[in-house]
Amino acid sequence: MDFTFTEEQQAAVEAAKAVFAGVAPDAVPSPALTPGAVADDHDRALWARLADADLLGLVLDPAHGGSGLDPVALCLVLRESARVLARVPLLETSAVALTLQRYAPAGTAAALLPRVARGELVLTAAAHGRTGHDPAPLAVTAHREATGWTLDGHTAAVPWAHHADHIAVPAHTPDGRTVLALLPRGHDGLTLTDQYGTHGELLAALRLDDVRLDNADVIDTDGAWEWLHGLLATGTCALALGLGEQVLSLTSQYTGKREQFGHPVATFQAVAVQAADRYIDLRAMEVTLWQAAWRITTDAGAALPAAADIAVAKIWAAEGVRRVVQTAQHLHGGFGADTDYALHRYHAWAKHLELSLGPAAQHEEELGDLLATHPLT
């Protein structure tokens with residue numbers, strides 16, 4: 001088997017590295033010193049550079065102005081973005097856009113996706129439900145009527161929602177099906193309330209009161225939400241991997257220079273063993289990420305559905321990124337909490353990613369359920 005990335009995927013990584021090279025993780029106030037949001041909006045200048053580099057249409061078909069690449073390429077770019085804590089809705093916009101391309105009516109896709117590729121539209125998704133623990137579609141109800149749909153409910157922790165042009169909201173119907181609604185941010189009946197993530201970014205709680213949508217704005221094709229949810233989860237694992245790798249790099253640099261008893265602390269066995277353990281965590285996060293991304297990209301059949309590979313990737317990402325930043329803080333000593341040093345920002349972002357992924361125990365239960373319903377023979 002050939003595990004190398006394609007030339008096109010590697011070219012996307014090089015383009016991403018060039019765009020993110022000038023991004024400073026400390027370009028906004030520290031979340032530790034800011035009672036509200038660290039900024040009112042995402043990094044619009046960086047967003048424009050991503051559009052100029054054709055990275056916003058990376059996974060879209062050339063017919064929509066995109067590059068026609070796959071979720072693996074998207075995860076490679078997300079990995080680079082997390083190294084610098086890029087404040088852009090790249091994951092959300094790309095995931096929703098790819099879902100629209102795959103499941104939305106042709107007219108809806110043709111109207112929106114070229115604008116996404118040009119950086120003119122920002123998309124996001126309400127993936128966390130009311131609490132982050134219950135399935136997101138249960139937070140909103142959708143009733144079909146003669147001329148369209150009516151949605152009601154409440155969902156929380158929607159990233160970048162205050163400045164997104166459209167928000168993808170999963171909802172359940174009376175007969176137990178899941179539909180995916182695409183709501184314009186200023187739509188009648190939709191109210192946004194400020195919330196804040198541990199990383200200091202502005203989130204939103206959405207309240208939907210008798211929100212009416214045309215049929216063209218609601219995707220009722222089976223599998224649309226599951227596809228989007230899986231892609232968002234896999235992309236979040238890619239962010240966790242990139243962040244963790246950068247944190248381990250910072251730790252290596254620090255412990256290589258910090259001396260005790262006339263020797264760099266990196267030469268002490270206790271320090272080296274902890275760093276080695278975290279390196280193993282990152283490699284496990286990496287291999288499970290690419291397995292999940294490959295299953296999403298290829299729709300390849302296996303004894304277990306792709307949801308099982310995504311669950312494994314989430315288990316390693318949620319646990320691994322937490323262990324990496326905790327060890328980094330420990331090996332940095334008090335310097336790791338200094339708000340003039342970048343590590344505390346990575347710790348805050350890592351906690352946000354961990355909470356977004358959900359607890360590893362929950363994913364282990366999901367994996368167990370899948371094993372029970374798909375016995376291996």
# chains A, B, ... in the order shown; residues from 1 in each chain; ligands from 1

call {"tool": "select_by_dssp", "arguments": {"residues": "segment 96-340 of chain A", "states": "alpha helix (DSSP H)", "output": "MDAnalysis selection string"}}
result
chainID A and resid 96:103 106:117 224:257 269:298 306:332

call {"tool": "residues_around", "arguments": {"residues": "Ala361 of chain A", "least_positions_apart": "5", "cutoff": "12 Å", "atoms": "only C-alpha atoms", "output": "ChimeraX atom specification"}}
result
/A:133,311-312,314-316,318-319,366-368

call {"tool": "write_last_selection", "arguments": {"atoms": "N, CA, C and O atoms", "output": "short mmCIF file (atom, residue, chain, number, x, y, z; two decimals), in the first residue's frame"}}
result
data_model
loop_
_atom_site.label_atom_id
_atom_site.label_comp_id
_atom_site.auth_asym_id
_atom_site.auth_seq_id
_atom_site.Cartn_x
_atom_site.Cartn_y
_atom_site.Cartn_z
N HIS A 133 -23.57 17.29 24.40
CA HIS A 133 -23.58 15.86 24.71
C HIS A 133 -24.69 15.11 23.98
O HIS A 133 -24.54 13.93 23.67
N ALA A 311 -14.77 7.66 15.26
CA ALA A 311 -14.80 7.55 16.72
C ALA A 311 -13.41 7.28 17.28
O ALA A 311 -13.00 7.88 18.29
N VAL A 312 -12.65 6.41 16.63
CA VAL A 312 -11.29 6.11 17.08
C VAL A 312 -10.42 7.36 16.99
O VAL A 312 -9.63 7.67 17.90
N LYS A 314 -11.41 10.44 17.14
CA LYS A 314 -11.83 11.38 18.17
C LYS A 314 -11.31 10.97 19.55
O LYS A 314 -10.95 11.83 20.36
N ILE A 315 -11.28 9.68 19.82
CA ILE A 315 -10.76 9.21 21.10
C ILE A 315 -9.31 9.66 21.27
O ILE A 315 -8.92 10.24 22.30
N TRP A 316 -8.50 9.40 20.25
CA TRP A 316 -7.08 9.76 20.34
C TRP A 316 -6.87 11.26 20.34
O TRP A 316 -6.01 11.78 21.06
N ALA A 318 -8.99 13.75 21.33
CA ALA A 318 -9.46 14.40 22.56
C ALA A 318 -8.52 14.13 23.72
O ALA A 318 -8.17 15.04 24.49
N GLU A 319 -8.10 12.87 23.87
CA GLU A 319 -7.19 12.52 24.96
C GLU A 319 -5.78 13.00 24.67
O GLU A 319 -5.09 13.53 25.55
N GLU A 366 -19.72 4.73 21.74
CA GLU A 366 -20.21 4.68 20.36
C GLU A 366 -19.51 3.56 19.60
O GLU A 366 -20.16 2.82 18.83
N LEU A 367 -18.21 3.46 19.79
CA LEU A 367 -17.46 2.40 19.12
C LEU A 367 -17.93 1.03 19.58
O LEU A 367 -18.08 0.10 18.77
N GLY A 368 -18.20 0.90 20.87
CA GLY A 368 -18.72 -0.37 21.38
C GLY A 368 -20.06 -0.73 20.78
O GLY A 368 -20.31 -1.89 20.45
#

call {"tool": "closest_residue", "arguments": {"among": "A:Val158, A:Val140, A:Val247, A:Val13", "to": "Thr124 of chain A", "atoms": "only C-alpha atoms"}}
result
A:Val158

call {"tool": "residues_around", "arguments": {"residues": "Arg118 of chain A", "least_positions_apart": "6", "cutoff": "12 Å", "atoms": "only C-alpha atoms", "output": "MDAnalysis selection string"}}
result
chainID A and resid 47:58 60 64:67 112

call {"tool": "atom_distance", "arguments": {"atom1": "atom CA of Leu232 of chain A", "atom2": "atom CA of Leu98 of chain A"}}
result
10.9 Å

call {"tool": "select_by_dssp", "arguments": {"residues": "segment 135-341 of chain A", "states": "strand (DSSP E)", "output": "VMD selection string"}}
result
chain A and resid 140 to 144 149 to 159 166 to 172 178 to 184 190 to 196 202 to 213 218 to 219 259 to 260 263 to 264

call {"tool": "closest_residue", "arguments": {"among": "A:Arg130, A:Gly189, A:Asp214, A:Leu203", "to": "Thr147 of chain A", "atoms": "only C-alpha atoms"}}
result
A:Asp214

call {"tool": "residues_around", "arguments": {"residues": "segment 6-11 of chain A", "least_positions_apart": "2", "cutoff": "8 Å", "atoms": "only C-alpha atoms", "output": "tab-separated table (two decimals) with C-alpha atoms, in the first residue's frame"}}
result
chain	number	residue	atom	x	y	z
A	4	THR	CA	2.26	8.94	0.57
A	13	VAL	CA	0.23	21.92	2.07
A	14	GLU	CA	2.94	24.12	0.55
A	15	ALA	CA	0.38	26.77	-0.37
A	69	LEU	CA	-9.40	17.96	-4.00
A	72	VAL	CA	-7.58	14.45	3.09
A	73	ALA	CA	-6.23	17.62	1.46
A	76	LEU	CA	-3.63	18.63	5.67

call {"tool": "residues_around", "arguments": {"residues": "segment 218-227 of chain A", "least_positions_apart": "3", "cutoff": "7 Å", "atoms": "only C-alpha atoms", "output": "ChimeraX atom specification"}}
result
/A:99,103-104,170,179-182,215,230-231

call {"tool": "write_last_selection", "arguments": {"atoms": "all heavy atoms", "output": "compact mmCIF listing (two decimals), in the first residue's frame"}}
result
# COMPACT_ATOMS: atom_id res chain seq x y z
N THR A 99 -20.56 19.59 1.78
CA THR A 99 -21.85 18.92 2.00
C THR A 99 -22.89 19.45 1.03
O THR A 99 -23.69 18.68 0.47
CB THR A 99 -22.32 19.12 3.44
OG1 THR A 99 -21.31 18.64 4.33
CG2 THR A 99 -23.61 18.37 3.71
N TYR A 103 -24.93 17.15 -1.54
CA TYR A 103 -26.32 16.81 -1.24
C TYR A 103 -27.34 17.87 -1.62
O TYR A 103 -28.53 17.55 -1.74
CB TYR A 103 -26.48 16.54 0.27
CG TYR A 103 -25.78 15.29 0.75
CD1 TYR A 103 -24.53 15.35 1.36
CD2 TYR A 103 -26.36 14.03 0.58
CE1 TYR A 103 -23.89 14.21 1.81
CE2 TYR A 103 -25.73 12.88 1.02
CZ TYR A 103 -24.48 12.98 1.64
OH TYR A 103 -23.85 11.84 2.08
N ALA A 104 -26.95 19.12 -1.76
CA ALA A 104 -27.93 20.19 -2.00
C ALA A 104 -28.43 20.17 -3.43
O ALA A 104 -27.77 19.61 -4.33
CB ALA A 104 -27.30 21.55 -1.69
N PRO A 170 -28.85 21.14 11.76
CA PRO A 170 -29.57 19.86 11.67
C PRO A 170 -30.84 19.92 12.51
O PRO A 170 -30.89 20.59 13.54
CB PRO A 170 -28.57 18.86 12.22
CG PRO A 170 -27.76 19.66 13.20
CD PRO A 170 -27.66 21.05 12.62
N VAL A 179 -33.01 16.34 8.89
CA VAL A 179 -32.82 17.20 7.74
C VAL A 179 -31.76 18.23 8.09
O VAL A 179 -31.41 18.43 9.26
CB VAL A 179 -34.13 17.90 7.32
CG1 VAL A 179 -35.19 16.86 6.93
CG2 VAL A 179 -34.65 18.80 8.43
N LEU A 180 -31.23 18.88 7.07
CA LEU A 180 -30.18 19.89 7.27
C LEU A 180 -30.66 21.19 6.64
O LEU A 180 -30.82 21.28 5.42
CB LEU A 180 -28.88 19.42 6.63
CG LEU A 180 -27.64 20.27 6.89
CD1 LEU A 180 -27.32 20.30 8.38
CD2 LEU A 180 -26.45 19.72 6.10
N ALA A 181 -30.87 22.19 7.49
CA ALA A 181 -31.38 23.49 7.03
C ALA A 181 -30.22 24.47 6.87
O ALA A 181 -29.28 24.47 7.67
CB ALA A 181 -32.39 24.04 8.02
N LEU A 182 -30.30 25.30 5.86
CA LEU A 182 -29.30 26.33 5.62
C LEU A 182 -29.95 27.69 5.87
O LEU A 182 -30.72 28.18 5.05
CB LEU A 182 -28.76 26.23 4.19
CG LEU A 182 -27.48 27.03 3.90
CD1 LEU A 182 -26.32 26.48 4.72
CD2 LEU A 182 -27.15 26.99 2.42
N ASN A 215 -38.24 25.06 0.39
CA ASN A 215 -37.74 23.70 0.21
C ASN A 215 -36.29 23.68 -0.25
O ASN A 215 -35.52 22.78 0.12
CB ASN A 215 -38.62 22.95 -0.79
CG ASN A 215 -39.99 22.60 -0.22
OD1 ASN A 215 -40.11 22.29 0.97
ND2 ASN A 215 -41.02 22.65 -1.05
N GLY A 230 -19.49 13.97 10.37
CA GLY A 230 -18.25 13.21 10.31
C GLY A 230 -17.09 14.03 9.80
O GLY A 230 -15.96 13.92 10.30
N LEU A 231 -17.36 14.88 8.81
CA LEU A 231 -16.30 15.72 8.25
C LEU A 231 -15.86 16.78 9.26
O LEU A 231 -14.66 17.05 9.40
CB LEU A 231 -16.79 16.38 6.96
CG LEU A 231 -15.77 17.20 6.18
CD1 LEU A 231 -14.52 16.39 5.89
CD2 LEU A 231 -16.39 17.72 4.88

call {"tool": "closest_residue", "arguments": {"among": "A:Glu354, A:Glu120, A:Glu201, A:Asp209", "to": "Arg44 of chain A", "atoms": "only C-alpha atoms"}}
result
A:Glu120

call {"tool": "closest_residue", "arguments": {"among": "A:Gly197, A:Asp70, A:Val325, A:Ala276", "to": "Gln246 of chain A", "atoms": "only C-alpha atoms"}}
result
A:Val325

call {"tool": "atom_distance", "arguments": {"atom1": "atom CA of Glu286 of chain A", "atom2": "atom CA of Phe3 of chain A"}}
result
12.4 Å

call {"tool": "closest_residue", "arguments": {"among": "A:Gly68, A:Gly36, A:Gly153, A:Pro184", "to": "Asp210 of chain A", "atoms": "only C-alpha atoms"}}
result
A:Gly153

call {"tool": "atom_distance", "arguments": {"atom1": "atom CA of His166 of chain A", "atom2": "atom CA of Asp217 of chain A"}}
result
10.4 Å

call {"tool": "closest_residue", "arguments": {"among": "A:Gly333, A:Pro71, A:Pro264, A:Pro174", "to": "Leu289 of chain A", "atoms": "only C-alpha atoms"}}
result
A:Pro71
